[in-house]
Amino acid sequence: MGDDLRVYATPSMCLDIEHCCRNLLLAHHDAGEDSVGARVEIDHLGPTLIGQTVTVTAKVAELALPRVVFEVEVRDDIDLVGKSKHVRFVVDMAKQGERLRKKAAKVQAAKG
């Protein structure tokens, strides 16, 4: 909306939600594990001005490994500005690496 109406954007909120939930899981993973985001539902409820502080708070709402569902609130220093449901899957990094290598080979083969 231009510099005069610049605010905290929904894509930035999505990124902050993903980072918050991943960081929460990292503290509980076994060696060689990480997680990947699979779904984000966001209600962006109001504007946050540039320069305001944003706090993202996540809690585990459902744990059915490898699937983890989070309920998330996003607040600035005045208001609740976002609510989200975020789904992540715990992955074995070695297996994920192999999956990515296979995908890369298919991409290369498709290029001919």
# chains A, B, ... in the order shown; residues from 1 in each chain; ligands from 1
>>> residues_around(residues="Val74 in chain A", least_positions_apart="4", cutoff="8 Å", atoms="only C-alpha atoms", output="list in words")
Met13, Val54, Thr55, Val56, Thr57, Leu80, Val81, Gly82 and Lys83 of chain A
>>> write_last_selection(atoms="N, CA and C atoms", output="mmCIF file, in the first residue's frame")
data_model
loop_
_atom_site.group_PDB
_atom_site.id
_atom_site.type_symbol
_atom_site.label_atom_id
_atom_site.label_comp_id
_atom_site.auth_asym_id
_atom_site.auth_seq_id
_atom_site.Cartn_x
_atom_site.Cartn_y
_atom_site.Cartn_z
ATOM 1 N N MET A 13 3.863 -12.518 8.789
ATOM 2 C CA MET A 13 3.246 -13.208 9.918
ATOM 3 C C MET A 13 3.363 -14.719 9.727
ATOM 4 N N VAL A 54 6.203 -7.499 17.850
ATOM 5 C CA VAL A 54 5.252 -8.586 17.641
ATOM 6 C C VAL A 54 5.721 -9.788 18.450
ATOM 7 N N THR A 55 4.788 -10.439 19.143
ATOM 8 C CA THR A 55 5.071 -11.651 19.904
ATOM 9 C C THR A 55 4.222 -12.779 19.344
ATOM 10 N N VAL A 56 4.874 -13.900 19.035
ATOM 11 C CA VAL A 56 4.186 -15.079 18.518
ATOM 12 C C VAL A 56 4.231 -16.148 19.602
ATOM 13 N N THR A 57 3.057 -16.646 19.992
ATOM 14 C CA THR A 57 2.956 -17.663 21.031
ATOM 15 C C THR A 57 2.277 -18.898 20.447
ATOM 16 N N LEU A 80 -4.358 -8.237 19.871
ATOM 17 C CA LEU A 80 -4.245 -9.528 19.199
ATOM 18 C C LEU A 80 -4.407 -9.231 17.711
ATOM 19 N N VAL A 81 -3.387 -9.534 16.907
ATOM 20 C CA VAL A 81 -3.439 -9.192 15.484
ATOM 21 C C VAL A 81 -3.514 -10.416 14.571
ATOM 22 N N GLY A 82 -3.349 -11.609 15.147
ATOM 23 C CA GLY A 82 -3.438 -12.801 14.322
ATOM 24 C C GLY A 82 -3.683 -14.050 15.140
ATOM 25 N N LYS A 83 -4.390 -14.999 14.518
ATOM 26 C CA LYS A 83 -4.590 -16.326 15.087
ATOM 27 C C LYS A 83 -4.311 -17.313 13.970
#
>>> closest_atom_pairs(of="range 35-73 of chain A", to="range 84-94 of chain A", cutoff="6 Å", atoms="only C-alpha atoms", output="tab-separated table")
residue	atom	partner	partner_atom	distance
A:Ser35	CA	A:Val90	CA	4.2
A:Val36	CA	A:Phe89	CA	5.4
A:Gly37	CA	A:Arg88	CA	4.4
A:Ala38	CA	A:Arg88	CA	5.4
A:Arg39	CA	A:Val87	CA	5.0
A:Val40	CA	A:His86	CA	4.5
A:Glu41	CA	A:Lys85	CA	5.2
A:Ile42	CA	A:Ser84	CA	4.5
A:Pro66	CA	A:Val90	CA	4.9
A:Arg67	CA	A:Phe89	CA	4.6
A:Val68	CA	A:Arg88	CA	5.3
A:Val69	CA	A:Val87	CA	4.5
A:Phe70	CA	A:His86	CA	5.1
A:Glu71	CA	A:Lys85	CA	4.9
A:Val72	CA	A:Ser84	CA	4.9
>>> write_last_selection(atoms="C-alpha atoms", output="mmCIF file, in the first residue's frame")
data_model
loop_
_atom_site.group_PDB
_atom_site.id
_atom_site.type_symbol
_atom_site.label_atom_id
_atom_site.label_comp_id
_atom_site.auth_asym_id
_atom_site.auth_seq_id
_atom_site.Cartn_x
_atom_site.Cartn_y
_atom_site.Cartn_z
ATOM 1 C CA SER A 35 10.270 -30.635 10.903
ATOM 2 C CA VAL A 36 8.578 -29.333 7.786
ATOM 3 C CA GLY A 37 5.536 -27.106 7.552
ATOM 4 C CA ALA A 38 2.530 -28.589 5.798
ATOM 5 C CA ARG A 39 -0.355 -26.186 6.435
ATOM 6 C CA VAL A 40 -0.904 -22.688 7.769
ATOM 7 C CA GLU A 41 -4.339 -21.172 8.380
ATOM 8 C CA ILE A 42 -4.123 -17.504 9.361
ATOM 9 C CA PRO A 66 4.913 -37.382 12.996
ATOM 10 C CA ARG A 67 2.095 -34.786 12.712
ATOM 11 C CA VAL A 68 2.025 -31.882 15.170
ATOM 12 C CA VAL A 69 -0.744 -29.263 15.171
ATOM 13 C CA PHE A 70 -0.178 -25.878 16.777
ATOM 14 C CA GLU A 71 -2.569 -23.143 17.854
ATOM 15 C CA VAL A 72 -0.845 -19.793 17.537
#
>>> closest_residue(among="A:Ala109, A:Asp79, A:His29, A:Asn23", to="Leu65 in chain A", atoms="only C-alpha atoms")
A:His29
>>> select_by_dssp(residues="range 13-94 of chain A", states="strand (DSSP E or B)", output="VMD selection string")
chain A and resid 33 to 44 49 54 to 64 67 to 76 80 to 92
>>> write_last_selection(atoms="N, CA and C atoms", output="tab-separated table (two decimals), in the first residue's frame")
chain	number	residue	atom	x	y	z
A	33	GLU	N	16.66	-35.21	13.56
A	33	GLU	CA	15.27	-34.87	13.23
A	33	GLU	C	15.13	-33.36	13.02
A	34	ASP	N	14.16	-33.01	12.23
A	34	ASP	CA	13.74	-31.62	12.06
A	34	ASP	C	12.25	-31.69	11.73
A	35	SER	N	11.68	-30.60	11.28
A	35	SER	CA	10.27	-30.63	10.90
A	35	SER	C	10.05	-29.78	9.67
A	36	VAL	N	8.97	-30.09	8.97
A	36	VAL	CA	8.58	-29.33	7.79
A	36	VAL	C	7.14	-28.86	7.97
A	37	GLY	N	6.89	-27.65	7.50
A	37	GLY	CA	5.54	-27.11	7.55
A	37	GLY	C	4.69	-27.71	6.45
A	38	ALA	N	3.42	-27.98	6.77
A	38	ALA	CA	2.53	-28.59	5.80
A	38	ALA	C	1.26	-27.76	5.58
A	39	ARG	N	0.88	-26.96	6.56
A	39	ARG	CA	-0.35	-26.19	6.44
A	39	ARG	C	-0.30	-25.01	7.40
A	40	VAL	N	-0.77	-23.86	6.92
A	40	VAL	CA	-0.90	-22.69	7.77
A	40	VAL	C	-2.25	-22.04	7.47
A	41	GLU	N	-3.08	-21.92	8.48
A	41	GLU	CA	-4.34	-21.17	8.38
A	41	GLU	C	-4.18	-19.92	9.23
A	42	ILE	N	-4.33	-18.75	8.63
A	42	ILE	CA	-4.12	-17.50	9.36
A	42	ILE	C	-5.35	-16.61	9.25
A	43	ASP	N	-5.75	-16.08	10.40
A	43	ASP	CA	-6.69	-14.96	10.43
A	43	ASP	C	-5.87	-13.75	10.84
A	44	HIS	N	-5.65	-12.85	9.89
A	44	HIS	CA	-4.92	-11.60	10.17
A	44	HIS	C	-5.97	-10.59	10.62
A	49	LEU	N	1.78	-1.57	13.20
A	49	LEU	CA	2.59	-0.54	12.57
A	49	LEU	C	4.06	-0.93	12.56
A	54	VAL	N	6.20	-7.50	17.85
A	54	VAL	CA	5.25	-8.59	17.64
A	54	VAL	C	5.72	-9.79	18.45
A	55	THR	N	4.79	-10.44	19.14
A	55	THR	CA	5.07	-11.65	19.90
A	55	THR	C	4.22	-12.78	19.34
A	56	VAL	N	4.87	-13.90	19.03
A	56	VAL	CA	4.19	-15.08	18.52
A	56	VAL	C	4.23	-16.15	19.60
A	57	THR	N	3.06	-16.65	19.99
A	57	THR	CA	2.96	-17.66	21.03
A	57	THR	C	2.28	-18.90	20.45
A	58	ALA	N	2.96	-20.04	20.57
A	58	ALA	CA	2.43	-21.28	20.01
A	58	ALA	C	2.27	-22.31	21.10
A	59	LYS	N	1.22	-23.11	20.97
A	59	LYS	CA	1.06	-24.26	21.86
A	59	LYS	C	0.66	-25.46	21.02
A	60	VAL	N	1.09	-26.63	21.46
A	60	VAL	CA	0.74	-27.86	20.76
A	60	VAL	C	-0.71	-28.18	21.07
A	61	ALA	N	-1.52	-28.26	20.02
A	61	ALA	CA	-2.94	-28.57	20.18
A	61	ALA	C	-3.22	-30.05	19.94
A	62	GLU	N	-2.38	-30.67	19.12
A	62	GLU	CA	-2.58	-32.08	18.78
A	62	GLU	C	-1.22	-32.69	18.47
A	63	LEU	N	-0.96	-33.83	19.06
A	63	LEU	CA	0.31	-34.53	18.84
A	63	LEU	C	-0.01	-35.95	18.40
A	64	ALA	N	0.21	-36.22	17.13
A	64	ALA	CA	0.02	-37.56	16.57
A	64	ALA	C	1.20	-37.79	15.63
A	67	ARG	N	2.88	-36.02	12.90
A	67	ARG	CA	2.10	-34.79	12.71
A	67	ARG	C	1.94	-34.05	14.04
A	68	VAL	N	2.20	-32.73	14.00
A	68	VAL	CA	2.03	-31.88	15.17
A	68	VAL	C	1.20	-30.67	14.74
A	69	VAL	N	0.12	-30.40	15.48
A	69	VAL	CA	-0.74	-29.26	15.17
A	69	VAL	C	-0.57	-28.23	16.27
A	70	PHE	N	-0.35	-26.99	15.85
A	70	PHE	CA	-0.18	-25.88	16.78
A	70	PHE	C	-1.35	-24.91	16.68
A	71	GLU	N	-1.71	-24.31	17.81
A	71	GLU	CA	-2.57	-23.14	17.85
A	71	GLU	C	-1.67	-21.97	18.20
A	72	VAL	N	-1.78	-20.89	17.43
A	72	VAL	CA	-0.84	-19.79	17.54
A	72	VAL	C	-1.60	-18.47	17.67
A	73	GLU	N	-1.07	-17.60	18.53
A	73	GLU	CA	-1.55	-16.22	18.63
A	73	GLU	C	-0.42	-15.28	18.30
A	74	VAL	N	-0.75	-14.21	17.59
A	74	VAL	CA	0.21	-13.18	17.25
A	74	VAL	C	-0.32	-11.87	17.82
A	75	ARG	N	0.49	-11.24	18.66
A	75	ARG	CA	0.10	-9.99	19.33
A	75	ARG	C	1.14	-8.92	19.08
A	76	ASP	N	0.67	-7.69	18.90
A	76	ASP	CA	1.60	-6.58	18.98
A	76	ASP	C	1.49	-6.03	20.40
A	80	LEU	N	-4.36	-8.24	19.87
A	80	LEU	CA	-4.24	-9.53	19.20
A	80	LEU	C	-4.41	-9.23	17.71
A	81	VAL	N	-3.39	-9.53	16.91
A	81	VAL	CA	-3.44	-9.19	15.48
A	81	VAL	C	-3.51	-10.42	14.57
A	82	GLY	N	-3.35	-11.61	15.15
A	82	GLY	CA	-3.44	-12.80	14.32
A	82	GLY	C	-3.68	-14.05	15.14
A	83	LYS	N	-4.39	-15.00	14.52
A	83	LYS	CA	-4.59	-16.33	15.09
A	83	LYS	C	-4.31	-17.31	13.97
A	84	SER	N	-3.74	-18.45	14.34
A	84	SER	CA	-3.36	-19.40	13.31
A	84	SER	C	-3.45	-20.83	13.82
A	85	LYS	N	-3.66	-21.73	12.87
A	85	LYS	CA	-3.49	-23.16	13.08
A	85	LYS	C	-2.38	-23.56	12.12
A	86	HIS	N	-1.35	-24.23	12.65
A	86	HIS	CA	-0.20	-24.59	11.83
A	86	HIS	C	0.10	-26.07	12.03
A	87	VAL	N	0.29	-26.78	10.93
A	87	VAL	CA	0.60	-28.21	10.96
A	87	VAL	C	2.03	-28.42	10.48
A	88	ARG	N	2.79	-29.18	11.25
A	88	ARG	CA	4.15	-29.54	10.88
A	88	ARG	C	4.30	-31.06	10.99
A	89	PHE	N	5.25	-31.60	10.25
A	89	PHE	CA	5.57	-33.01	10.32
A	89	PHE	C	7.03	-33.18	10.72
A	90	VAL	N	7.27	-34.02	11.71
A	90	VAL	CA	8.63	-34.33	12.12
A	90	VAL	C	9.22	-35.27	11.07
A	91	VAL	N	10.43	-34.95	10.62
A	91	VAL	CA	11.08	-35.76	9.58
A	91	VAL	C	12.48	-36.16	10.03
A	92	ASP	N	12.89	-37.30	9.52
A	92	ASP	CA	14.27	-37.76	9.67
A	92	ASP	C	15.06	-37.05	8.57
>>> atom_distance(atom1="CA of Leu15 in chain A", atom2="CA of Lys102 in chain A")
27.1 Å
>>> atom_distance(atom1="CA of Cys21 in chain A", atom2="CA of Leu5 in chain A")
29.1 Å
>>> select_by_dssp(residues="chain A", states="alpha helix (DSSP H)", output="ChimeraX atom specification")
/A:10-26,93-111
>>> write_last_selection(atoms="C-alpha atoms", output="compact mmCIF listing (two decimals), in the first residue's frame")
# COMPACT_ATOMS: atom_id res chain seq x y z
CA THR A 10 0.47 -11.46 6.27
CA PRO A 11 3.39 -13.23 4.53
CA SER A 12 5.70 -11.95 7.30
CA MET A 13 3.25 -13.21 9.92
CA CYS A 14 3.23 -16.62 8.22
CA LEU A 15 7.03 -16.76 8.28
CA ASP A 16 7.12 -15.78 11.96
CA ILE A 17 4.55 -18.47 12.81
CA GLU A 18 6.55 -21.14 10.95
CA HIS A 19 9.80 -20.12 12.68
CA CYS A 20 8.18 -20.05 16.13
CA CYS A 21 6.67 -23.52 15.77
CA ARG A 22 9.81 -25.04 14.24
CA ASN A 23 11.94 -23.59 17.03
CA LEU A 24 9.56 -25.01 19.63
CA LEU A 25 9.90 -28.47 18.09
CA LEU A 26 13.69 -28.25 17.71
CA MET A 93 16.82 -35.49 8.00
CA ALA A 94 18.69 -38.35 6.28
CA LYS A 95 15.48 -39.72 4.76
CA GLN A 96 14.40 -36.20 3.77
CA GLY A 97 17.77 -35.67 2.10
CA GLU A 98 17.31 -38.85 0.08
CA ARG A 99 13.81 -37.72 -0.95
CA LEU A 100 15.21 -34.41 -2.14
CA ARG A 101 18.01 -36.10 -4.10
CA LYS A 102 15.45 -38.32 -5.88
CA LYS A 103 13.34 -35.27 -6.71
CA ALA A 104 16.42 -33.44 -8.05
CA ALA A 105 17.22 -36.42 -10.28
CA LYS A 106 13.66 -36.35 -11.68
CA VAL A 107 13.93 -32.61 -12.33
CA GLN A 108 17.23 -33.12 -14.12
CA ALA A 109 15.79 -36.00 -16.19
CA ALA A 110 12.77 -33.88 -17.16
CA LYS A 111 15.11 -31.19 -18.50
>>> atom_distance(atom1="CA of Val7 in chain A", atom2="CA of Leu45 in chain A")
12.6 Å
